[in-house]
file final24.txt (compact mmCIF, C-alpha atoms)
# COMPACT_ATOMS: atom_id res chain seq x y z
CA MET I 22 76.01 97.51 127.90
CA LYS I 23 78.31 95.22 125.94
CA HIS I 24 80.79 96.57 123.43
CA ARG I 25 79.51 95.59 119.97
CA ILE I 26 82.15 94.34 117.52
CA VAL I 27 80.95 93.68 113.98
CA VAL I 28 83.11 91.84 111.42
CA LEU I 29 82.11 92.22 107.78
CA GLY I 30 83.01 89.23 105.60
CA ALA I 31 83.93 85.65 106.49
CA GLY I 32 86.84 84.97 104.17
CA TYR I 33 90.29 84.05 105.42
CA ALA I 34 90.73 87.41 107.18
CA GLY I 35 87.25 87.89 108.60
CA ALA I 36 86.53 84.35 109.76
CA PHE I 37 89.89 84.02 111.48
CA ALA I 38 89.53 87.48 113.06
CA ALA I 39 86.08 86.71 114.45
CA GLY I 40 87.38 83.51 116.01
CA SER I 41 90.44 85.25 117.44
CA LEU I 42 88.34 88.00 119.01
CA ALA I 43 85.98 85.42 120.53
CA ARG I 44 88.91 83.45 121.97
CA ARG I 45 90.55 86.42 123.62
CA LEU I 46 87.76 88.76 124.77
CA SER I 47 85.34 88.07 127.58
CA PRO I 48 81.72 87.55 126.45
CA ALA I 49 80.67 89.38 129.61
CA ASP I 50 81.87 92.65 128.04
CA THR I 51 81.71 92.11 124.27
CA GLU I 52 79.27 91.00 121.63
CA ILE I 53 80.82 89.79 118.35
CA THR I 54 78.76 89.55 115.17
CA LEU I 55 80.03 88.15 111.87
CA VAL I 56 78.18 89.19 108.71
CA ASN I 57 78.57 87.16 105.53
CA ALA I 58 76.55 86.78 102.34
CA VAL I 59 76.86 82.99 102.05
CA PRO I 60 76.52 80.30 104.74
CA GLU I 61 79.84 78.54 104.05
CA PHE I 62 83.47 79.37 104.68
CA VAL I 63 84.88 79.41 101.17
CA GLU I 64 88.56 78.50 100.72
CA ARG I 65 89.20 80.92 97.91
CA MET I 66 92.70 79.61 97.24
CA ARG I 67 91.14 76.31 96.15
CA LEU I 68 88.38 77.59 93.88
CA HIS I 69 90.34 76.88 90.71
CA GLN I 70 90.44 73.26 91.88
CA LEU I 71 86.68 73.27 92.41
CA ALA I 72 86.17 74.66 88.91
CA ALA I 73 88.41 71.94 87.46
CA GLY I 74 86.22 69.21 88.92
CA ARG I 75 87.70 68.41 92.32
CA ASP I 76 85.18 67.56 95.03
CA LEU I 77 85.80 69.99 97.87
CA ALA I 78 83.86 70.19 101.11
CA PHE I 79 83.09 73.67 102.43
CA ARG I 80 82.12 73.88 106.11
CA GLY I 81 79.09 75.83 107.18
CA LEU I 82 79.76 78.97 109.20
CA ALA I 83 77.01 78.03 111.66
CA ASP I 84 78.88 74.82 112.47
CA ILE I 85 82.26 76.56 112.62
CA PHE I 86 81.14 79.18 115.13
CA ALA I 87 78.77 77.00 117.17
CA GLY I 88 79.62 77.41 120.84
CA THR I 89 82.05 80.30 120.31
CA GLY I 90 79.67 83.11 121.20
CA VAL I 91 80.04 84.66 117.74
CA ARG I 92 76.67 85.72 116.34
CA LEU I 93 76.30 84.93 112.65
CA ARG I 94 74.22 87.08 110.30
CA LEU I 95 73.76 85.75 106.77
CA ALA I 96 73.26 88.90 104.74
CA ARG I 97 74.88 90.99 102.04
CA VAL I 98 76.35 94.27 103.24
CA THR I 99 74.93 97.16 101.21
CA GLY I 100 76.41 100.08 103.10
CA VAL I 101 78.16 101.43 106.19
CA ASP I 102 77.30 104.68 107.95
CA PRO I 103 80.40 105.46 110.03
CA GLU I 104 78.82 108.55 111.57
CA ARG I 105 75.83 106.62 112.95
CA ARG I 106 77.98 103.48 113.35
CA THR I 107 75.54 101.23 111.53
CA VAL I 108 75.79 98.59 108.80
CA ALA I 109 73.02 98.24 106.22
CA MET I 110 72.26 94.68 105.10
CA THR I 111 69.91 92.73 102.89
CA GLY I 112 69.20 89.03 103.23
CA GLU I 113 66.59 86.33 103.23
CA ASP I 114 64.95 87.87 106.27
CA GLY I 115 64.69 91.26 104.58
CA ASP I 116 66.62 94.50 104.86
CA GLY I 117 67.94 95.81 108.14
CA GLU I 118 70.62 97.63 110.09
CA LEU I 119 73.20 96.46 112.59
CA ALA I 120 74.80 98.85 115.07
CA TYR I 121 78.45 98.60 116.09
CA ASP I 122 80.96 100.19 118.43
CA THR I 123 83.99 98.71 116.63
CA LEU I 124 83.87 97.60 112.99
CA LEU I 125 86.32 95.28 111.24
CA HIS I 126 85.97 95.59 107.47
CA THR I 127 87.11 92.40 105.66
CA LEU I 128 84.80 92.26 102.63
CA GLY I 129 87.66 91.21 100.36
CA SER I 130 87.67 91.45 96.59
CA SER I 131 86.03 90.08 93.48
CA VAL I 132 86.81 89.86 89.78
CA ALA I 133 87.71 93.10 87.96
CA HIS I 134 86.73 93.18 84.29
CA HIS I 135 88.37 96.59 83.71
CA GLY I 136 85.55 97.61 81.37
CA VAL I 137 86.59 95.11 78.70
CA PRO I 138 83.60 94.65 76.36
CA GLY I 139 81.94 91.27 76.79
CA ALA I 140 84.05 90.19 79.78
CA ALA I 141 81.26 90.53 82.32
CA GLU I 142 78.71 88.91 80.00
CA HIS I 143 80.71 86.03 78.53
CA ALA I 144 83.74 85.31 80.74
CA PHE I 145 83.88 83.06 83.78
CA ASP I 146 85.97 83.54 86.94
CA VAL I 147 87.09 81.73 90.10
CA THR I 148 86.75 84.53 92.68
CA GLY I 149 83.67 83.05 94.37
CA ARG I 150 82.14 79.64 95.01
CA SER I 151 79.11 80.27 92.81
CA SER I 152 81.22 81.55 89.91
CA ALA I 153 83.63 78.59 90.22
CA LEU I 154 80.69 76.17 90.14
CA ARG I 155 79.30 77.96 87.10
CA LEU I 156 82.64 77.47 85.33
CA ARG I 157 82.75 73.83 86.46
CA GLU I 158 79.35 73.19 84.90
CA ARG I 159 80.35 74.86 81.64
CA LEU I 160 83.60 72.89 81.41
CA ALA I 161 81.74 69.62 82.02
CA ALA I 162 79.66 70.37 78.93
CA LEU I 163 82.75 70.79 76.72
CA GLY I 164 83.68 67.84 74.55
CA ALA I 165 87.15 66.70 73.57
CA GLY I 166 89.05 69.39 71.73
CA GLY I 167 87.11 72.21 73.38
CA THR I 168 89.01 75.48 73.68
CA VAL I 169 89.59 77.28 76.99
CA LEU I 170 91.38 80.61 77.30
CA VAL I 171 92.57 81.89 80.69
CA VAL I 172 93.19 85.64 80.64
CA GLY I 173 95.79 86.87 83.11
CA GLU I 174 99.44 86.10 83.82
CA GLY I 175 99.29 86.43 87.60
CA LEU I 176 99.01 83.77 90.27
CA THR I 177 95.32 83.08 89.69
CA GLY I 178 95.73 82.82 85.93
CA ILE I 179 98.70 80.47 86.14
CA GLU I 180 97.10 78.22 88.76
CA THR I 181 93.80 78.06 86.88
CA ALA I 182 95.37 77.28 83.49
CA THR I 183 97.61 74.52 84.83
CA GLU I 184 94.87 72.96 86.98
CA LEU I 185 92.43 72.87 84.06
CA ALA I 186 95.04 71.46 81.69
CA GLU I 187 96.00 68.68 84.09
CA SER I 188 92.41 67.81 85.03
CA ARG I 189 91.10 67.95 81.47
CA PRO I 190 93.89 66.87 79.09
CA ASP I 191 91.26 66.44 76.37
CA LEU I 192 90.77 70.21 76.23
CA SER I 193 92.90 72.81 74.48
CA VAL I 194 93.95 75.24 77.25
CA ALA I 195 95.68 78.54 76.53
CA LEU I 196 96.86 81.48 78.62
CA ALA I 197 96.79 85.09 77.41
CA ALA I 198 99.33 87.37 79.09
CA ARG I 199 99.81 91.12 78.60
CA GLY I 200 103.49 90.58 79.28
CA GLY I 201 105.16 87.31 80.14
CA PRO I 202 103.60 84.88 82.64
CA GLY I 203 105.58 84.79 85.87
CA ALA I 204 107.74 87.72 84.79
CA TRP I 205 108.35 88.58 88.46
CA LEU I 206 109.92 85.15 89.12
CA SER I 207 113.64 84.38 89.18
CA PRO I 208 115.13 83.07 85.92
CA GLY I 209 115.21 79.51 87.28
CA ALA I 210 111.59 79.63 88.41
CA GLN I 211 110.55 81.07 85.04
CA ARG I 212 112.20 78.12 83.30
CA HIS I 213 110.39 75.75 85.66
CA LEU I 214 107.09 77.44 84.81
CA ARG I 215 107.76 77.13 81.09
CA ARG I 216 108.48 73.43 81.46
CA ALA I 217 105.22 72.99 83.36
CA PHE I 218 103.27 74.74 80.59
CA ASP I 219 104.93 72.53 77.98
CA ARG I 220 104.33 69.35 79.99
CA LEU I 221 100.65 70.16 80.47
CA GLY I 222 100.12 71.43 76.93
CA VAL I 223 99.19 74.99 77.91
CA ALA I 224 99.64 77.32 74.93
CA VAL I 225 100.95 80.72 76.06
CA HIS I 226 100.07 83.90 74.14
CA GLU I 227 102.62 86.40 75.41
CA HIS I 228 102.21 90.16 75.01
CA THR I 229 98.57 89.57 74.19
CA GLY I 230 96.19 91.99 75.84
CA ILE I 231 92.55 90.94 75.47
CA GLU I 232 90.35 93.84 74.40
CA ALA I 233 87.01 92.05 73.97
CA VAL I 234 85.35 88.76 74.87
CA GLU I 235 82.75 87.05 72.71
CA PRO I 236 80.84 83.78 73.27
CA ASP I 237 83.32 81.67 71.28
CA ARG I 238 86.49 83.76 71.08
CA ALA I 239 88.51 86.62 72.51
CA ILE I 240 89.85 89.58 70.55
CA ALA I 241 93.44 90.65 71.20
CA ALA I 242 94.65 94.25 71.15
CA ASP I 243 96.31 93.69 67.77
CA GLY I 244 93.03 92.44 66.29
CA ARG I 245 93.86 88.73 66.40
CA SER I 246 91.08 86.31 67.22
CA VAL I 247 91.86 83.72 69.91
CA PRO I 248 89.49 80.70 69.91
CA ALA I 249 87.76 80.27 73.24
CA GLU I 250 84.58 78.35 73.82
CA VAL I 251 85.22 79.21 77.46
CA THR I 252 87.06 82.35 78.58
CA VAL I 253 88.21 82.47 82.20
CA TRP I 254 88.91 86.02 83.40
CA ALA I 255 91.81 86.20 85.87
CA ALA I 256 93.15 89.62 84.93
CA GLY I 257 92.72 91.40 88.22
CA PHE I 258 90.66 91.97 91.34
CA ALA I 259 88.47 94.81 92.60
CA VAL I 260 87.64 95.47 96.24
CA SER I 261 84.12 95.89 97.54
CA PRO I 262 82.76 99.40 96.84
CA VAL I 263 81.17 99.59 100.30
CA ALA I 264 84.12 101.34 101.99
CA ALA I 265 84.42 104.06 99.37
CA ALA I 266 80.67 104.69 99.37
CA SER I 267 80.62 104.95 103.16
CA GLY I 268 82.95 107.96 103.29
CA LEU I 269 85.94 106.15 104.77
CA GLU I 270 89.25 107.42 103.42
CA VAL I 271 90.24 105.05 100.62
CA THR I 272 92.81 104.80 97.85
CA GLY I 273 91.98 105.16 94.18
CA THR I 274 91.32 101.43 94.09
CA GLY I 275 88.85 101.63 96.99
CA GLN I 276 91.10 100.08 99.64
CA VAL I 277 90.74 101.46 103.17
CA VAL I 278 93.64 103.71 104.21
CA VAL I 279 94.85 102.65 107.67
CA ASP I 280 97.62 103.35 110.12
CA ARG I 281 100.21 100.80 111.23
CA THR I 282 97.63 99.05 113.44
CA MET I 283 95.06 98.59 110.62
CA ARG I 284 92.89 101.37 112.04
CA SER I 285 91.14 103.68 109.58
CA VAL I 286 92.89 107.05 109.41
CA SER I 287 89.54 108.80 108.97
CA HIS I 288 87.32 106.84 111.38
CA PRO I 289 89.11 105.41 114.45
CA ASP I 290 86.34 102.94 115.34
CA VAL I 291 86.81 101.17 112.00
CA TYR I 292 89.58 98.66 111.21
CA ALA I 293 90.28 96.80 107.97
CA ALA I 294 92.15 93.67 106.94
CA GLY I 295 92.61 91.43 103.91
CA ASP I 296 92.28 92.49 100.29
CA CYS I 297 90.26 95.59 101.16
CA VAL I 298 93.02 97.27 103.19
CA HIS I 299 95.86 99.51 101.97
CA ALA I 300 98.54 98.35 104.38
CA ILE I 301 102.18 99.35 104.12
CA GLY I 302 104.63 96.51 104.70
CA GLU I 303 108.02 96.56 106.36
CA ASN I 304 109.61 97.45 103.01
CA GLY I 305 107.55 100.64 102.71
CA ARG I 306 105.36 99.25 99.94
CA PRO I 307 101.70 98.23 99.99
CA LEU I 308 101.15 94.57 100.80
CA PRO I 309 99.82 92.64 97.78
CA MET I 310 96.39 91.04 97.81
CA SER I 311 97.06 87.52 99.06
CA CYS I 312 96.14 85.00 101.72
CA ALA I 313 99.43 85.73 103.49
CA SER I 314 98.64 89.46 103.60
CA ALA I 315 95.17 88.65 104.90
CA GLY I 316 96.79 86.71 107.73
CA PHE I 317 99.24 89.46 108.70
CA THR I 318 96.69 92.28 108.53
CA ASN I 319 93.96 90.43 110.41
CA MET I 320 96.39 89.47 113.16
CA GLN I 321 97.45 93.12 113.50
CA ALA I 322 93.87 94.40 113.44
CA THR I 323 92.61 91.94 116.06
CA ALA I 324 95.64 92.52 118.27
CA ALA I 325 95.02 96.27 118.11
CA ILE I 326 91.30 95.96 118.85
CA ILE I 327 91.94 93.67 121.84
CA ALA I 328 94.77 95.80 123.22
CA ARG I 329 92.85 99.05 123.02
CA LEU I 330 89.73 97.58 124.59
CA THR I 331 91.61 95.93 127.43
CA GLY I 332 94.00 98.78 128.24
CA ARG I 333 97.17 97.19 126.94
CA GLU I 334 99.88 98.41 124.60
CA VAL I 335 99.18 97.63 120.96
CA PRO I 336 101.73 95.09 119.68
CA ALA I 337 103.21 95.41 116.22
CA THR I 338 102.68 92.38 113.98
CA GLU I 339 105.37 92.01 111.36
CA LEU I 340 104.01 92.99 107.93
CA LYS I 341 106.46 91.26 105.65
CA TYR I 342 105.88 89.45 102.37
CA TYR I 343 108.01 86.33 102.02
CA GLY I 344 107.22 85.14 98.52
CA ASN I 345 104.83 83.64 95.99
CA HIS I 346 103.56 80.07 96.12
CA ILE I 347 102.08 78.90 92.82
CA SER I 348 100.35 75.58 92.24
CA LEU I 349 101.01 74.00 88.84
CA GLY I 350 98.41 71.26 88.96
CA ARG I 351 98.34 68.68 91.74
CA ARG I 352 101.92 67.41 91.66
CA ASP I 353 103.96 70.49 90.82
CA ALA I 354 104.39 73.98 92.25
CA ILE I 355 106.82 76.86 92.66
CA PHE I 356 107.69 78.68 95.87
CA GLN I 357 109.56 81.87 94.99
CA THR I 358 111.19 83.76 97.85
CA VAL I 359 111.59 87.54 97.68
CA ASP I 360 113.99 89.99 99.26
CA GLY I 361 113.18 92.94 101.49
CA ASP I 362 112.21 95.03 98.49
CA GLY I 363 109.81 92.41 97.16
CA ARG I 364 112.10 91.31 94.32
CA ALA I 365 112.59 87.63 93.50
CA ARG I 366 115.66 85.99 94.99
CA SER I 367 117.64 83.58 92.84
CA TRP I 368 116.57 80.63 95.04
CA TYR I 369 113.23 78.94 94.55
CA LEU I 370 111.65 75.61 95.42
CA GLY I 371 109.91 73.64 92.68
CA GLY I 372 108.38 70.28 91.85
CA ARG I 373 106.67 67.77 94.11
CA THR I 374 108.29 69.13 97.27
CA ALA I 375 106.87 72.57 96.56
CA ALA I 376 103.50 70.99 95.75
CA ARG I 377 103.45 69.18 99.10
CA PHE I 378 104.42 72.41 100.83
CA LYS I 379 101.59 74.28 99.10
CA ALA I 380 99.12 71.54 100.00
CA GLY I 381 100.19 71.91 103.62
CA VAL I 382 99.71 75.68 103.48
CA LEU I 383 96.20 75.24 102.06
CA LYS I 384 95.30 72.63 104.64
CA GLY I 385 96.67 74.70 107.49
CA ALA I 386 94.89 77.89 106.42
CA GLY I 387 91.60 76.07 106.02
CA TRP I 388 91.91 74.14 109.28
CA GLY I 389 92.95 77.14 111.33
CA THR I 390 90.02 79.21 110.14
CA ALA I 391 87.51 76.38 110.47
CA HIS I 392 88.47 75.68 114.12
CA PRO I 393 88.04 79.03 115.90
CA THR I 394 87.75 77.42 119.34
CA PHE I 395 91.16 75.74 119.13
CA GLY I 396 93.23 76.91 122.06
CA MET I 397 90.28 78.69 123.67
CA PRO I 398 91.57 80.08 126.99
CA THR I 399 89.69 79.31 130.17
CA ARG I 400 89.83 83.00 131.09
CA ARG I 401 89.41 85.70 128.49
CA ARG I 402 90.32 89.35 128.81
CA ARG I 403 87.88 91.80 130.33
CA LEU I 404 87.53 95.33 129.04
CA ALA I 405 89.57 97.85 130.99
CA ALA I 406 86.69 100.33 131.19
CA ALA I 407 83.72 101.50 129.20
CA PRO I 408 85.12 102.05 125.67
CA ASP I 409 84.79 105.49 124.15
CA ARG I 410 83.24 106.13 120.74
CA ALA I 411 86.56 105.44 118.99
CA GLY I 412 86.63 101.93 120.39
CA THR I 413 89.48 102.67 122.79
CA ALA I 414 89.11 101.73 126.44
CA ALA I 415 89.85 104.50 128.89
CA GLY I 416 93.52 104.56 129.72
CA ALA I 417 94.53 102.23 126.89
CA ARG I 418 98.01 102.73 125.53
CA THR I 419 98.96 102.62 121.87
CA ALA I 420 102.22 101.75 120.28
CA ALA I 421 104.01 104.53 118.46
call {"tool": "encode", "arguments": {"input": "final24.txt", "output": "structure tokens"}}
result
Amino acid sequence: MKHRIVVLGAGYAGAFAAGSLARRLSPADTEITLVNAVPEFVERMRLHQLAAGRDLAFRGLADIFAGTGVRLRLARVTGVDPERRTVAMTGEDGDGELAYDTLLHTLGSSVAHHGVPGAAEHAFDVTGRSSALRLRERLAALGAGGTVLVVGEGLTGIETATELAESRPDLSVALAARGGPGAWLSPGAQRHLRRAFDRLGVAVHEHTGIEAVEPDRAIAADGRSVPAEVTVWAAGFAVSPVAAASGLEVTGTGQVVVDRTMRSVSHPDVYAAGDCVHAIGENGRPLPMSCASAGFTNMQATAAIIARLTGREVPATELKYYGNHISLGRRDAIFQTVDGDGRARSWYLGGRTAARFKAGVLKGAGWGTAHPTFGMPTRRRRLAAAPDRAGTAAGARTAA
């Protein structure tokens, strides 16, 4: 009987992991199934561009994984039973269950409204393809002078505000920040960001927490009314509730608690990667939610799964965060390096060079995930022996 590996979610972490597992494990011993709610691979890092009106092509997962041996199930995951080792799903073909021997949880994250009144009902977001398209349609209906407020001073908020301002100079775009936008950047990078806001006409409301969202305005904590025919919520992310509901050990935010190899500390046949994992980096701090973190954690998780199934020592993938890369429209960007403690170094890269670098990163991440058969070996690894219930092949060694 083949060892059943199920990957939940086909974002950057899950899609790449499924392809990596298919490349490196023999189909004679393993059966890999990828479960995703939508039929396309969505490049989440480009959704603010989609919302701003750019025409982006998203490849179908069926085309991406054709010929790889990966089985695709288009369904929404509604639950995981780690004791029975089953996944509950609902989709166009009805409800059902999928059994696994090893599970890789990469369901990612979505927008977090933090209970702010009116945010869920009236605000837009760019955390999914459908929500980005909904925002795109609403923006297209705005006439000259229309008001747009982006709430959130983090990477998503900054990228969304600058992209919208550059793409639609006829609109009045503002950014509401609880503190100062880009406060984690070096002084030089902060000045660069300010110049970009000024150049693009983005009005910045610093120290302005939004406490309510209405159809045509937002209400600040001090009672001020901020005009907003369109409010874009970029004030945080929440992970899928599936892991917490399943009984896996999770943090207060719902992220799966794992060991150094991305293996669940409570259920050894479950691994996690991407936004949904609580992974400790080389500096002793949790890795931030990011595409880079998704890459590091999925590489470690897949390496651990493969090593344990094939009787090899589990390698340690470096879990280090190198910096923040922020797009400021199409022709400007900031790449801010950080030190070992995650604090901004004085050096940063800005302008067109940084923009070209960011474009290359986006292209590389999208291409690598969309070509899972690239570098497919002629001989793939066989399982060392019949795996036990914990997903570890008999005699497999683990790194300390």
call {"tool": "atom_distance", "arguments": {"input": "final24.txt", "atom1": "CA of Ala313 (chain I)", "atom2": "CA of Ala337 (chain I)"}}
result
16.4 Å
call {"tool": "residues_around", "arguments": {"input": "final24.txt", "residues": "Thr123 (chain I)", "least_positions_apart": "2", "cutoff": "7 Å", "atoms": "all atoms listed in the file", "output": "list in words"}}
result
Arg25, Ile26, Val27, Tyr121, Leu125, Asp290, Val291 and Gly412 of chain I
call {"tool": "residues_around", "arguments": {"input": "final24.txt", "residues": "region 142-155 of chain I", "least_positions_apart": "4", "cutoff": "9 Å", "atoms": "only C-alpha atoms", "output": "list in words"}}
result
Val63, Glu64, Arg65, Met66, Leu68, His69, Gln70, Leu71, Ala72, Ala73, Gly74, Ser130, Ser131, Val132, Pro138, Arg159, Leu160, Thr177, Thr181, Val234, Glu235, Pro236, Asp237, Val251, Thr252, Val253, Trp254, Ala255 and Phe258 of chain I
call {"tool": "residues_around", "arguments": {"input": "final24.txt", "residues": "Glu61 (chain I)", "least_positions_apart": "6", "cutoff": "8 Å", "atoms": "all atoms listed in the file", "output": "ChimeraX atom specification"}}
result
/I:79-82
call {"tool": "write_last_selection", "arguments": {"input": "final24.txt", "atoms": "C-alpha atoms", "output": "mmCIF file, keeping the file's coordinate frame"}}
result
data_model
loop_
_atom_site.group_PDB
_atom_site.id
_atom_site.type_symbol
_atom_site.label_atom_id
_atom_site.label_comp_id
_atom_site.auth_asym_id
_atom_site.auth_seq_id
_atom_site.Cartn_x
_atom_site.Cartn_y
_atom_site.Cartn_z
ATOM 1 C CA PHE I 79 83.090 73.670 102.430
ATOM 2 C CA ARG I 80 82.120 73.880 106.110
ATOM 3 C CA GLY I 81 79.090 75.830 107.180
ATOM 4 C CA LEU I 82 79.760 78.970 109.200
#
call {"tool": "closest_residue", "arguments": {"input": "final24.txt", "among": "I:Ala264, I:Leu383, I:Met310, I:Ala39", "to": "Pro103 (chain I)", "atoms": "only C-alpha atoms"}}
result
I:Ala264
call {"tool": "residues_around", "arguments": {"input": "final24.txt", "residues": "Gly40 (chain I)", "least_positions_apart": "2", "cutoff": "10 Å", "atoms": "all atoms listed in the file", "output": "PyMOL selection string"}}
result
chain I and resi 35-38+42-45+53+55+85-86+89-91+323+389-395+397
call {"tool": "atom_distance", "arguments": {"input": "final24.txt", "atom1": "CA of Ala198 (chain I)", "atom2": "CA of Val298 (chain I)"}}
result
26.8 Å
call {"tool": "residues_around", "arguments": {"input": "final24.txt", "residues": "region 349-363 of chain I", "least_positions_apart": "3", "cutoff": "9 Å", "atoms": "only C-alpha atoms", "output": "ChimeraX atom specification"}}
result
/I:70,179-188,206-207,210,213-214,217-218,221,303-306,341-346,366-380
call {"tool": "write_last_selection", "arguments": {"input": "final24.txt", "atoms": "C-alpha atoms", "output": "mmCIF file, keeping the file's coordinate frame"}}
result
data_model
loop_
_atom_site.group_PDB
_atom_site.id
_atom_site.type_symbol
_atom_site.label_atom_id
_atom_site.label_comp_id
_atom_site.auth_asym_id
_atom_site.auth_seq_id
_atom_site.Cartn_x
_atom_site.Cartn_y
_atom_site.Cartn_z
ATOM 1 C CA GLN I 70 90.440 73.260 91.880
ATOM 2 C CA ILE I 179 98.700 80.470 86.140
ATOM 3 C CA GLU I 180 97.100 78.220 88.760
ATOM 4 C CA THR I 181 93.800 78.060 86.880
ATOM 5 C CA ALA I 182 95.370 77.280 83.490
ATOM 6 C CA THR I 183 97.610 74.520 84.830
ATOM 7 C CA GLU I 184 94.870 72.960 86.980
ATOM 8 C CA LEU I 185 92.430 72.870 84.060
ATOM 9 C CA ALA I 186 95.040 71.460 81.690
ATOM 10 C CA GLU I 187 96.000 68.680 84.090
ATOM 11 C CA SER I 188 92.410 67.810 85.030
ATOM 12 C CA LEU I 206 109.920 85.150 89.120
ATOM 13 C CA SER I 207 113.640 84.380 89.180
ATOM 14 C CA ALA I 210 111.590 79.630 88.410
ATOM 15 C CA HIS I 213 110.390 75.750 85.660
ATOM 16 C CA LEU I 214 107.090 77.440 84.810
ATOM 17 C CA ALA I 217 105.220 72.990 83.360
ATOM 18 C CA PHE I 218 103.270 74.740 80.590
ATOM 19 C CA LEU I 221 100.650 70.160 80.470
ATOM 20 C CA GLU I 303 108.020 96.560 106.360
ATOM 21 C CA ASN I 304 109.610 97.450 103.010
ATOM 22 C CA GLY I 305 107.550 100.640 102.710
ATOM 23 C CA ARG I 306 105.360 99.250 99.940
ATOM 24 C CA LYS I 341 106.460 91.260 105.650
ATOM 25 C CA TYR I 342 105.880 89.450 102.370
ATOM 26 C CA TYR I 343 108.010 86.330 102.020
ATOM 27 C CA GLY I 344 107.220 85.140 98.520
ATOM 28 C CA ASN I 345 104.830 83.640 95.990
ATOM 29 C CA HIS I 346 103.560 80.070 96.120
ATOM 30 C CA ARG I 366 115.660 85.990 94.990
ATOM 31 C CA SER I 367 117.640 83.580 92.840
ATOM 32 C CA TRP I 368 116.570 80.630 95.040
ATOM 33 C CA TYR I 369 113.230 78.940 94.550
ATOM 34 C CA LEU I 370 111.650 75.610 95.420
ATOM 35 C CA GLY I 371 109.910 73.640 92.680
ATOM 36 C CA GLY I 372 108.380 70.280 91.850
ATOM 37 C CA ARG I 373 106.670 67.770 94.110
ATOM 38 C CA THR I 374 108.290 69.130 97.270
ATOM 39 C CA ALA I 375 106.870 72.570 96.560
ATOM 40 C CA ALA I 376 103.500 70.990 95.750
ATOM 41 C CA ARG I 377 103.450 69.180 99.100
ATOM 42 C CA PHE I 378 104.420 72.410 100.830
ATOM 43 C CA LYS I 379 101.590 74.280 99.100
ATOM 44 C CA ALA I 380 99.120 71.540 100.000
#
call {"tool": "atom_distance", "arguments": {"input": "final24.txt", "atom1": "CA of Val279 (chain I)", "atom2": "CA of Ser314 (chain I)"}}
result
14.3 Å
call {"tool": "residues_near_point", "arguments": {"input": "final24.txt", "point": "(97.5, 93.3, 68.3)", "cutoff": "10 Å", "atoms": "all atoms listed in the file", "output": "ChimeraX atom specification"}}
result
/I:228-232,240-246
call {"tool": "residues_near_point", "arguments": {"input": "final24.txt", "point": "(94.4, 96.3, 102.2)", "cutoff": "8 Å", "atoms": "all atoms listed in the file", "output": "PyMOL selection string"}}
result
chain I and resi 276-278+293-300+307-310+318
call {"tool": "closest_residue", "arguments": {"input": "final24.txt", "among": "I:Val28, I:Ala197, I:Ala87, I:Val101", "to": "Gly268 (chain I)", "atoms": "all atoms listed in the file"}}
result
I:Val101
call {"tool": "decode", "arguments": {"input": "final24.txt", "residues": "region 216-243 of chain I", "atoms": "C-alpha atoms", "output": "PDB file, in the first residue's frame"}}
result
ATOM      1  CA  ARG I 216       9.398  60.847  -0.919  1.00  0.00           C
ATOM      2  CA  ALA I 217       7.502  58.099  -2.724  1.00  0.00           C
ATOM      3  CA  PHE I 218       4.284  58.998  -0.886  1.00  0.00           C
ATOM      4  CA  ASP I 219       4.764  62.669  -1.777  1.00  0.00           C
ATOM      5  CA  ARG I 220       5.570  61.892  -5.416  1.00  0.00           C
ATOM      6  CA  LEU I 221       2.481  59.719  -5.797  1.00  0.00           C
ATOM      7  CA  GLY I 222       0.198  62.006  -3.817  1.00  0.00           C
ATOM      8  CA  VAL I 223      -0.579  59.523  -1.041  1.00  0.00           C
ATOM      9  CA  ALA I 224      -1.859  61.358   2.039  1.00  0.00           C
ATOM     10  CA  VAL I 225      -0.594  59.699   5.230  1.00  0.00           C
ATOM     11  CA  HIS I 226      -2.644  59.802   8.445  1.00  0.00           C
ATOM     12  CA  GLU I 227      -0.109  58.854  11.106  1.00  0.00           C
ATOM     13  CA  HIS I 228      -1.102  57.658  14.579  1.00  0.00           C
ATOM     14  CA  THR I 229      -4.607  57.094  13.269  1.00  0.00           C
ATOM     15  CA  GLY I 230      -6.199  53.872  14.408  1.00  0.00           C
ATOM     16  CA  ILE I 231      -9.426  53.101  12.561  1.00  0.00           C
ATOM     17  CA  GLU I 232     -12.199  52.055  14.932  1.00  0.00           C
ATOM     18  CA  ALA I 233     -15.110  51.721  12.487  1.00  0.00           C
ATOM     19  CA  VAL I 234     -15.744  51.496   8.749  1.00  0.00           C
ATOM     20  CA  GLU I 235     -18.832  52.884   7.047  1.00  0.00           C
ATOM     21  CA  PRO I 236     -19.851  52.832   3.357  1.00  0.00           C
ATOM     22  CA  ASP I 237     -18.364  56.269   2.624  1.00  0.00           C
ATOM     23  CA  ARG I 238     -15.942  56.954   5.468  1.00  0.00           C
ATOM     24  CA  ALA I 239     -13.841  55.525   8.269  1.00  0.00           C
ATOM     25  CA  ILE I 240     -13.940  56.638  11.894  1.00  0.00           C
ATOM     26  CA  ALA I 241     -10.626  57.144  13.680  1.00  0.00           C
ATOM     27  CA  ALA I 242     -10.014  56.373  17.349  1.00  0.00           C
ATOM     28  CA  ASP I 243     -10.093  60.084  18.193  1.00  0.00           C
TER      29      ASP I 243
END
